[in-house]
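Student: Contents are TSV, C-alpha atoms; file name coords.tsv:
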chain	number	residue	atom	x	y	z
A	1449	MET	CA	40.76	-14.13	18.34
A	1450	ASN	CA	39.28	-14.19	14.83
A	1451	LYS	CA	39.67	-17.39	12.82
A	1452	THR	CA	39.13	-18.20	9.16
A	1453	TYR	CA	38.53	-21.24	7.01
A	1454	SER	CA	37.40	-21.93	3.45
A	1455	ILE	CA	34.28	-23.60	2.10
A	1456	ILE	CA	33.10	-24.51	-1.40
A	1457	ILE	CA	29.71	-23.29	-2.63
A	1458	ASN	CA	28.65	-23.98	-6.22
A	1459	ASP	CA	32.25	-24.83	-7.20
A	1460	ASN	CA	33.55	-21.51	-5.83
A	1461	VAL	CA	35.83	-21.17	-2.81
A	1462	TYR	CA	34.76	-18.64	-0.16
A	1463	LEU	CA	36.48	-17.47	3.00
A	1464	VAL	CA	34.54	-17.84	6.25
A	1465	LYS	CA	35.61	-15.48	9.03
A	1466	LEU	CA	34.69	-16.31	12.63
A	1467	ILE	CA	34.37	-13.31	14.96
A	1468	GLU	CA	34.18	-13.80	18.72
A	1469	ARG	CA	31.59	-11.47	20.26
A	1470	LYS	CA	29.52	-11.50	23.43
A	1471	MET	CA	26.07	-11.80	21.88
A	1472	LYS	CA	23.01	-13.94	22.52
A	1473	ASN	CA	22.56	-15.34	19.01
A	1474	ILE	CA	24.97	-16.33	16.26
A	1475	ARG	CA	24.92	-13.85	13.38
A	1476	LEU	CA	25.61	-14.66	9.72
A	1477	LYS	CA	26.30	-12.03	7.08
A	1478	VAL	CA	27.94	-11.66	3.68
A	1479	ASP	CA	30.52	-8.92	3.16
A	1480	ASN	CA	31.18	-8.91	-0.57
A	1481	ASP	CA	32.58	-12.40	-1.24
A	1482	GLN	CA	33.43	-13.10	2.41
A	1483	ILE	CA	31.14	-14.97	4.81
A	1484	ILE	CA	31.22	-13.64	8.37
A	1485	VAL	CA	29.89	-15.59	11.36
A	1486	SER	CA	29.79	-13.81	14.73
A	1487	GLY	CA	28.89	-15.22	18.13
A	1488	TYR	CA	29.91	-16.01	21.69
A	1489	HIS	CA	32.33	-18.95	21.90
A	1490	ILE	CA	31.95	-19.38	18.15
A	1491	THR	CA	33.37	-22.61	16.70
A	1492	ARG	CA	33.75	-24.19	13.28
A	1493	GLU	CA	30.91	-26.59	14.11
A	1494	LYS	CA	28.51	-23.78	15.10
A	1495	SER	CA	29.50	-21.85	12.01
A	1496	ASP	CA	28.88	-24.79	9.69
A	1497	ASN	CA	25.47	-25.36	11.28
A	1498	ILE	CA	24.23	-21.81	10.73
A	1499	ILE	CA	25.61	-21.79	7.18
A	1500	GLN	CA	23.76	-25.03	6.43
A	1501	ARG	CA	20.49	-23.69	7.90
A	1502	ASN	CA	20.75	-20.54	5.80
A	1503	TYR	CA	22.31	-22.08	2.72
A	1504	ASP	CA	19.74	-20.86	0.16
A	1505	TRP	CA	19.90	-17.31	1.51
A	1506	LEU	CA	23.70	-17.45	1.45
A	1507	VAL	CA	23.80	-18.63	-2.17
A	1508	LYS	CA	21.45	-15.80	-3.15
A	1509	LYS	CA	23.64	-13.16	-1.47
A	1510	LEU	CA	26.83	-14.52	-3.01
A	1511	ASP	CA	25.20	-14.60	-6.46
A	1512	GLU	CA	24.15	-10.96	-5.99
A	1513	PHE	CA	27.72	-10.01	-5.19
A	1514	SER	CA	29.03	-11.93	-8.22
A	1515	HIS	CA	26.59	-9.99	-10.41
A	1516	ARG	CA	27.64	-6.62	-8.94
A	1517	LYS	CA	31.30	-7.59	-9.31
A	1518	SER	CA	30.78	-8.02	-13.04
A	1519	ILE	CA	28.76	-4.79	-13.45
A	1520	PHE	CA	31.21	-2.60	-11.52
A	1521	GLN	CA	34.38	-4.20	-12.97
A	1522	LEU	CA	35.64	-4.97	-9.48
A	1523	GLU	CA	38.58	-7.07	-10.63
A	1524	GLU	CA	40.25	-4.03	-12.21
A	1525	ILE	CA	39.46	-1.97	-9.12
A	1526	GLU	CA	40.93	-4.62	-6.82
A	1527	GLU	CA	44.07	-4.71	-8.99
A	1528	PHE	CA	44.31	-0.90	-8.67
A	1529	LYS	CA	43.92	-0.34	-12.40
A	1530	LYS	CA	40.75	1.76	-12.13
A	1531	VAL	CA	38.87	3.74	-9.49
A	1532	TYR	CA	35.38	5.19	-9.25
A	1533	LEU	CA	35.15	8.95	-8.71
A	1534	TYR	CA	31.67	10.37	-8.26
A	1535	GLY	CA	30.15	7.43	-10.12
A	1536	ASP	CA	32.54	7.53	-13.10
A	1537	LEU	CA	35.10	4.80	-13.64
A	1538	LYS	CA	38.54	6.39	-14.04
A	1539	GLU	CA	41.73	4.85	-15.39
A	1540	ILE	CA	44.82	4.83	-13.19
A	1541	TYR	CA	47.83	5.70	-15.35
A	1542	PHE	CA	51.17	4.60	-13.98
A	1543	LEU	CA	54.09	6.90	-14.77
A	1544	SER	CA	57.82	6.69	-14.19
A	1545	ASN	CA	59.51	7.49	-10.85
A	1546	ASN	CA	56.85	5.70	-8.76
A	1547	GLN	CA	54.07	8.04	-9.82
A	1548	TYR	CA	50.56	7.55	-11.13
A	1549	ARG	CA	47.83	9.85	-12.38
A	1550	VAL	CA	44.07	9.85	-11.80
A	1551	ASP	CA	41.93	12.41	-13.63
A	1552	ASP	CA	44.91	14.76	-14.23
A	1553	VAL	CA	46.06	14.60	-10.59
A	1554	THR	CA	49.46	13.03	-9.94
A	1555	PHE	CA	50.24	10.91	-6.88
A	1556	TYR	CA	53.41	9.29	-5.55
A	1557	LEU	CA	53.23	5.56	-4.86
A	1558	THR	CA	53.84	4.40	-1.33
A	1559	LYS	CA	57.00	2.30	-1.17
A	1560	ARG	CA	57.67	-0.97	0.64
A	1561	VAL	CA	54.15	-2.36	0.43
A	1562	ASN	CA	53.90	-6.14	0.54
A	1563	ASN	CA	50.95	-6.77	-1.78
A	1564	ILE	CA	48.51	-5.11	-4.17
A	1565	SER	CA	45.67	-5.16	-1.64
A	1566	ASP	CA	47.65	-3.18	0.93
A	1567	LEU	CA	48.91	-0.81	-1.77
A	1568	ARG	CA	45.38	-0.20	-3.02
A	1569	ASN	CA	44.05	0.54	0.47
A	1570	ILE	CA	46.84	3.04	1.16
A	1571	GLU	CA	46.58	4.81	-2.18
A	1572	LEU	CA	42.78	5.01	-2.13
A	1573	LYS	CA	42.91	6.94	1.14
A	1574	LYS	CA	45.10	9.53	-0.57
A	1575	ILE	CA	42.84	9.68	-3.62
A	1576	ARG	CA	39.71	10.16	-1.50
A	1577	VAL	CA	41.20	13.08	0.39
A	1578	LYS	CA	42.40	14.72	-2.82
A	1579	PHE	CA	38.97	14.57	-4.45
A	1580	LEU	CA	36.85	15.80	-1.53
A	1581	LYS	CA	35.96	19.14	-3.11
A	1582	GLN	CA	32.79	18.00	-4.91
A	1583	LEU	CA	31.63	16.30	-1.72
A	1584	GLN	CA	32.16	19.54	0.19
A	1585	ASP	CA	30.30	21.45	-2.54
A	1586	ARG	CA	27.26	19.19	-2.15
A	1587	PHE	CA	27.39	19.61	1.62
A	1588	ASP	CA	27.47	23.41	1.22
A	1589	TYR	CA	24.49	23.25	-1.12
A	1590	TRP	CA	22.38	21.34	1.41
A	1591	CYS	CA	23.43	23.74	4.15
A	1592	PHE	CA	21.79	26.44	2.03
A	1593	VAL	CA	18.64	24.34	1.48
A	1594	PHE	CA	18.24	23.45	5.16
A	1595	HIS	CA	19.24	26.93	6.36
A	1596	LYS	CA	21.71	25.27	8.70
A	1597	LYS	CA	25.51	25.29	8.89
A	1598	PRO	CA	26.68	22.39	11.07
A	1599	LEU	CA	30.28	21.38	11.50
A	1600	VAL	CA	31.37	18.68	9.07
A	1601	PHE	CA	34.20	16.20	9.44
A	1602	TYR	CA	35.42	13.57	6.98
A	1603	LYS	CA	36.62	10.13	8.09
A	1604	ASP	CA	37.65	7.00	6.23
A	1605	MET	CA	34.68	4.90	7.40
A	1606	LYS	CA	34.02	1.50	5.86
A	1607	SER	CA	30.87	0.45	7.71
A	1608	LYS	CA	28.78	3.62	7.30
A	1609	TYR	CA	28.47	6.55	4.95
A	1610	GLY	CA	27.90	9.13	7.65
A	1611	TYR	CA	26.30	9.97	10.96
A	1612	CYS	CA	24.82	12.98	12.72
A	1613	LYS	CA	25.80	14.19	16.20
A	1614	TYR	CA	22.77	16.43	16.54
A	1615	LYS	CA	23.55	17.53	20.10
A	1616	GLU	CA	26.94	18.79	18.91
A	1617	ASN	CA	25.65	20.32	15.64
A	1618	THR	CA	28.01	18.04	13.71
A	1619	ILE	CA	27.82	15.73	10.73
A	1620	VAL	CA	30.55	13.18	9.97
A	1621	LEU	CA	30.80	11.88	6.40
A	1622	SER	CA	32.85	9.02	5.01
A	1623	THR	CA	35.56	9.98	2.54
A	1624	ARG	CA	34.47	6.88	0.60
A	1625	LEU	CA	31.46	8.84	-0.61
A	1626	VAL	CA	33.72	10.24	-3.34
A	1627	HIS	CA	33.24	6.92	-5.19
A	1628	LEU	CA	29.46	7.37	-5.46
A	1629	PRO	CA	27.31	9.29	-7.97
A	1630	LEU	CA	26.33	12.77	-6.77
A	1631	TYR	CA	22.65	11.93	-6.32
A	1632	LEU	CA	23.52	9.18	-3.83
A	1633	ILE	CA	25.82	11.58	-2.00
A	1634	ASP	CA	22.91	14.02	-1.87
A	1635	TYR	CA	20.71	11.37	-0.26
A	1636	VAL	CA	23.31	10.57	2.41
A	1637	ILE	CA	23.71	14.26	3.26
A	1638	VAL	CA	19.94	14.84	3.36
A	1639	HIS	CA	19.55	11.79	5.58
A	1640	GLU	CA	22.03	13.17	8.10
A	1641	PHE	CA	20.58	16.70	8.01
A	1642	CYS	CA	17.12	15.32	8.79
A	1643	HIS	CA	18.48	13.77	11.98
A	1644	PHE	CA	18.83	17.26	13.45
A	1645	ASP	CA	15.01	17.38	13.58
A	1646	VAL	CA	14.25	13.68	14.07
A	1647	PRO	CA	17.11	11.73	15.74
A	1648	ASN	CA	15.70	8.28	14.89
A	1649	HIS	CA	14.48	6.32	11.87
A	1650	SER	CA	10.74	6.58	12.54
A	1651	LYS	CA	7.98	7.27	10.01
A	1652	CYS	CA	8.29	10.94	10.90
A	1653	PHE	CA	11.96	10.84	9.97
A	1654	TYR	CA	11.38	9.35	6.52
A	1655	ALA	CA	8.48	11.72	5.92
A	1656	LEU	CA	10.97	14.54	6.43
A	1657	VAL	CA	13.52	12.85	4.15
A	1658	PHE	CA	10.80	12.53	1.49
A	1659	LYS	CA	10.20	16.28	1.64
A	1660	TYR	CA	13.77	16.96	0.51
A	1661	PHE	CA	14.52	13.75	-1.40
A	1662	PRO	CA	11.30	12.13	-2.75
A	1663	ASN	CA	13.17	9.25	-4.44
A	1664	TYR	CA	14.89	8.17	-1.24
A	1665	ARG	CA	13.67	4.56	-1.41
A	1666	ASN	CA	15.41	4.01	-4.73
A	1667	ALA	CA	18.53	5.74	-3.37
A	1668	ILE	CA	18.64	3.33	-0.40
A	1669	LYS	CA	18.38	0.35	-2.76
A	1670	THR	CA	21.04	1.73	-5.11
A	1671	LEU	CA	23.40	2.49	-2.21
A	1672	LYS	CA	23.40	-1.21	-1.33
A	1673	GLU	CA	24.43	-2.05	-4.89
A	1674	TYR	CA	27.20	0.58	-4.89
A	1675	SER	CA	28.53	-0.55	-1.51
A	1676	VAL	CA	30.91	-2.96	-3.29
A	1677	ILE	CA	32.97	-0.08	-4.69
A	1678	CYS	CA	33.32	1.60	-1.27
A	1679	LYS	CA	34.93	-1.33	0.54
Now, as a test, write the supplied structure out as structure tokens.

Tutor:
Amino acid sequence: MNKTYSIIINDNVYLVKLIERKMKNIRLKVDNDQIIVSGYHITREKSDNIIQRNYDWLVKKLDEFSHRKSIFQLEEIEEFKKVYLYGDLKEIYFLSNNQYRVDDVTFYLTKRVNNISDLRNIELKKIRVKFLKQLQDRFDYWCFVFHKKPLVFYKDMKSKYGYCKYKENTIVLSTRLVHLPLYLIDYVIVHEFCHFDVPNHSKCFYALVFKYFPNYRNAIKTLKEYSVICK
């Protein structure tokens, strides 16, 4: 069972989430402003120890998130006042009769939702599906470039932007890509297309990626920065 507790770092309160997993070593990571510690028979004491040993690294990661939060106006996104669509920050206009509008498209609010976080998660799924057309257009373009027409499926994936099932001639893309600028979407699609020829992440794979997307290193770096708006 997962457990949580709070700690104070540089006068800020952060939630620490303990995740029980059968693994050899304890793993520490930062997911936005949440600290996650995973391990076998994980305890508060073990968690505190690994946090203390990696304190400087942890502070750096949390500072990076705080910086991105300011740049991307995350507070307004978390309050469901704005949403990113293809890299542009859009206003959410609330209308009468439990309706709201995003970029001239009207949606009906889900009723009986306990808090703003749950409401936001439910409504964003609807928004992503509604605005998939540009994502599909980019996929069709790269089908033309690669001279290949694989099956494509869209899923609401939080932990990855996409994956390639090369044996089944299928690519699966996250609906959360609709929040990203088009050039980052292009990189994700190129990345998955290249897996049809090289099913790993070797030097040969990235040499192939470079052929179609020379600026892929910068795209990888920028994707990490944009990950905060896809959570």

Student: What is the distance, in Å and to one decimal place, between atom CA of Ser1622 of chain A and atom CA of Glu1571 of chain A?

Tutor: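 Computing it gives 16.1 Å between the two atoms.
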
Student: Can you list, as an NGL selection string, every protein, DNA or RNA residue that comes within 10 Å of segment 1585-1587 of chain A when you count all atoms listed in the file, leaving out same-chain residues fewer than 4 positions away?

Tutor: :A and (1580-1581 or 1591-1593 or 1597-1598 or 1600 or 1619 or 1621 or 1630-1631 or 1633-1634 or 1636-1638 or 1641)

Student: Nearest to Val1478 of chain A: which of A:Val1561, A:Leu1506, A:Leu1466, A:Ile1499 is it, counting all atoms listed in the file?

Tutor: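 That would be A:Leu1506, the residue with the smallest distance to Val1478 of chain A.
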
Student: From the set A:Arg1516, A:Lys1508, A:His1595, A:His1639, which residue has the shortest atom-to-atom contact distance to Thr1670 of chain A, counting all atoms listed in the file?

Tutor: A:Arg1516

Student: Counting all atoms listed in the file, what is within 12 Å of segment 1609-1613 of chain A, bar same-chain residues fewer than 6 positions away, as a PyMOL selection string?

Tutor: chain A and resi 1598-1603+1619-1628+1632-1648+1668+1671-1672+1674-1675+1678-1679

Student: So which residues touch Val1531 of chain A within 12 Å, counting all atoms listed in the file, skipping near sequence neighbours fewer than 5 positions away, as a ChimeraX atom specification?

Tutor: /A:1520-1526,1536-1541,1549-1551,1568-1569,1571-1573,1575-1576,1579,1624,1626-1628,1677-1679

Student: One number please: atom CA of Phe1653 of chain A to atom CA of Glu1673 of chain A, in Å, one decimal.

Tutor: 23.3 Å

Student: For Ser1514 of chain A, which residue among A:His1649, A:Val1657, A:Asn1617, A:Gln1482 is the nearest when counting all atoms listed in the file?

Tutor: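 Counting all atoms listed in the file, the residue closest to Ser1514 of chain A is A:Gln1482.
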
Student: I'd like to know which of A:Asp1479, A:Thr1558, A:Gln1547, A:Asn1666 is closest to Glu1512 of chain A, using all atoms listed in the file.

Tutor: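 Among A:Asp1479, A:Thr1558, A:Gln1547, A:Asn1666, it is A:Asp1479 that comes nearest to Glu1512 of chain A.
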
Student: Using all atoms listed in the file, what residues lie at most 10 Å away from (36.8, -20.6, 2.5) (file coordinates), given as a list in words?

Tutor: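 Those residues lying close to the given coordinates are Thr1452, Tyr1453, Ser1454, Ile1455, Ile1456, Ile1457, Asn1460, Val1461, Tyr1462, Leu1463, Val1464, Lys1465, Asp1481, Gln1482 and Ile1483 of chain A.
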
Student: What separation in Å, quoted to one decimal, exists between atom CA of Lys1574 of chain A and atom CA of Leu1543 of chain A?

Tutor: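 We find that atom CA of Lys1574 of chain A and atom CA of Leu1543 of chain A lie 17.0 Å from each other.
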
Student: Considering all atoms listed in the file, state which residue in the set A:Asn1480, A:Leu1533, A:Ile1490, A:Gln1584 is at the smallest distance from Lys1517 of chain A.

Tutor: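 Result for the nearest residue to Lys1517 of chain A: A:Asn1480.
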
Student: Between A:Tyr1548, A:Trp1590, A:Phe1555, A:Tyr1503, which residue has the minimum interatomic distance to Lys1477 of chain A, considering all atoms listed in the file?

Tutor: A:Tyr1503

Student: Skip Ile1474 of chain A itself and residues of its chain fewer than 5 positions away, then list as a ChimeraX atom specification all residues within 8 Å of it, counting all atoms listed in the file.

Tutor: /A:1485-1488,1490,1498

Student: Report as JSON the centre and the edge lengths, in Å to one decimal, of the axis-aligned box holding every listed atom of segment 1512-1524 of chain A, padded by 5 Å on each side.

Tutor:
{"center_x": 32.2, "center_y": -7.3, "center_z": -9.3, "size_x": 26.1, "size_y": 19.3, "size_z": 18.3}

Student: As a short mmCIF file (atom, residue, chain, number, x, y, z; two decimals), in the frame of the given file, could you write out segment 1622-1647 of chain A once it has been completed with N, CA, C and O atoms?

Tutor:
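rebuild.cif written:
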data_model
loop_
_atom_site.label_atom_id
_atom_site.label_comp_id
_atom_site.auth_asym_id
_atom_site.auth_seq_id
_atom_site.Cartn_x
_atom_site.Cartn_y
_atom_site.Cartn_z
N SER A 1622 31.76 9.90 5.44
CA SER A 1622 32.85 9.02 5.01
C SER A 1622 33.52 9.58 3.76
O SER A 1622 32.85 10.01 2.81
N THR A 1623 34.84 9.56 3.75
CA THR A 1623 35.56 9.98 2.54
C THR A 1623 35.26 9.04 1.37
O THR A 1623 35.45 9.41 0.21
N ARG A 1624 34.76 7.84 1.66
CA ARG A 1624 34.47 6.88 0.60
C ARG A 1624 33.26 7.29 -0.24
O ARG A 1624 33.00 6.68 -1.28
N LEU A 1625 32.56 8.32 0.20
CA LEU A 1625 31.46 8.84 -0.61
C LEU A 1625 31.94 9.36 -1.96
O LEU A 1625 31.15 9.45 -2.90
N VAL A 1626 33.22 9.70 -2.07
CA VAL A 1626 33.72 10.24 -3.34
C VAL A 1626 33.61 9.22 -4.47
O VAL A 1626 33.71 9.58 -5.65
N HIS A 1627 33.39 7.94 -4.14
CA HIS A 1627 33.24 6.92 -5.19
C HIS A 1627 31.83 6.91 -5.77
O HIS A 1627 31.62 6.35 -6.85
N LEU A 1628 30.87 7.50 -5.09
CA LEU A 1628 29.46 7.37 -5.46
C LEU A 1628 28.99 8.48 -6.40
O LEU A 1628 29.55 9.59 -6.39
N PRO A 1629 27.92 8.22 -7.17
CA PRO A 1629 27.31 9.29 -7.97
C PRO A 1629 26.79 10.41 -7.06
O PRO A 1629 26.43 10.16 -5.91
N LEU A 1630 26.70 11.61 -7.59
CA LEU A 1630 26.33 12.77 -6.77
C LEU A 1630 24.94 12.64 -6.16
O LEU A 1630 24.70 13.10 -5.04
N TYR A 1631 24.00 12.01 -6.88
CA TYR A 1631 22.65 11.93 -6.32
C TYR A 1631 22.58 11.02 -5.09
O TYR A 1631 21.77 11.23 -4.19
N LEU A 1632 23.46 10.02 -5.03
CA LEU A 1632 23.52 9.18 -3.83
C LEU A 1632 24.19 9.92 -2.68
O LEU A 1632 23.81 9.77 -1.52
N ILE A 1633 25.19 10.73 -3.01
CA ILE A 1633 25.82 11.58 -2.00
C ILE A 1633 24.79 12.55 -1.44
O ILE A 1633 24.72 12.77 -0.22
N ASP A 1634 23.96 13.11 -2.31
CA ASP A 1634 22.91 14.02 -1.87
C ASP A 1634 21.98 13.33 -0.87
O ASP A 1634 21.59 13.91 0.15
N TYR A 1635 21.60 12.08 -1.18
CA TYR A 1635 20.71 11.37 -0.26
C TYR A 1635 21.36 11.19 1.11
O TYR A 1635 20.71 11.42 2.14
N VAL A 1636 22.62 10.78 1.13
CA VAL A 1636 23.31 10.57 2.41
C VAL A 1636 23.33 11.87 3.22
O VAL A 1636 23.06 11.88 4.43
N ILE A 1637 23.63 12.97 2.57
CA ILE A 1637 23.71 14.26 3.26
C ILE A 1637 22.33 14.67 3.77
O ILE A 1637 22.19 15.11 4.92
N VAL A 1638 21.30 14.53 2.93
CA VAL A 1638 19.94 14.84 3.36
C VAL A 1638 19.54 13.99 4.55
O VAL A 1638 18.95 14.48 5.53
N HIS A 1639 19.85 12.72 4.49
CA HIS A 1639 19.55 11.79 5.58
C HIS A 1639 20.13 12.30 6.90
O HIS A 1639 19.43 12.34 7.92
N GLU A 1640 21.38 12.71 6.87
CA GLU A 1640 22.03 13.17 8.10
C GLU A 1640 21.47 14.52 8.56
O GLU A 1640 21.30 14.76 9.76
N PHE A 1641 21.17 15.41 7.64
CA PHE A 1641 20.58 16.70 8.01
C PHE A 1641 19.23 16.51 8.69
O PHE A 1641 18.89 17.22 9.65
N CYS A 1642 18.44 15.55 8.22
CA CYS A 1642 17.12 15.32 8.79
C CYS A 1642 17.19 14.82 10.23
O CYS A 1642 16.25 14.99 11.01
N HIS A 1643 18.32 14.25 10.61
CA HIS A 1643 18.48 13.77 11.98
C HIS A 1643 18.56 14.92 12.99
O HIS A 1643 18.38 14.71 14.19
N PHE A 1644 18.84 16.13 12.53
CA PHE A 1644 18.83 17.26 13.45
C PHE A 1644 17.42 17.50 13.98
O PHE A 1644 17.24 17.94 15.12
N ASP A 1645 16.41 17.20 13.16
CA ASP A 1645 15.01 17.38 13.58
C ASP A 1645 14.39 16.12 14.14
O ASP A 1645 13.56 16.17 15.05
N VAL A 1646 14.78 14.96 13.59
CA VAL A 1646 14.25 13.68 14.07
C VAL A 1646 15.43 12.73 14.26
O VAL A 1646 15.97 12.19 13.28
N PRO A 1647 15.87 12.51 15.50
CA PRO A 1647 17.11 11.73 15.74
C PRO A 1647 16.94 10.21 15.70
O PRO A 1647 17.74 9.49 16.27
#
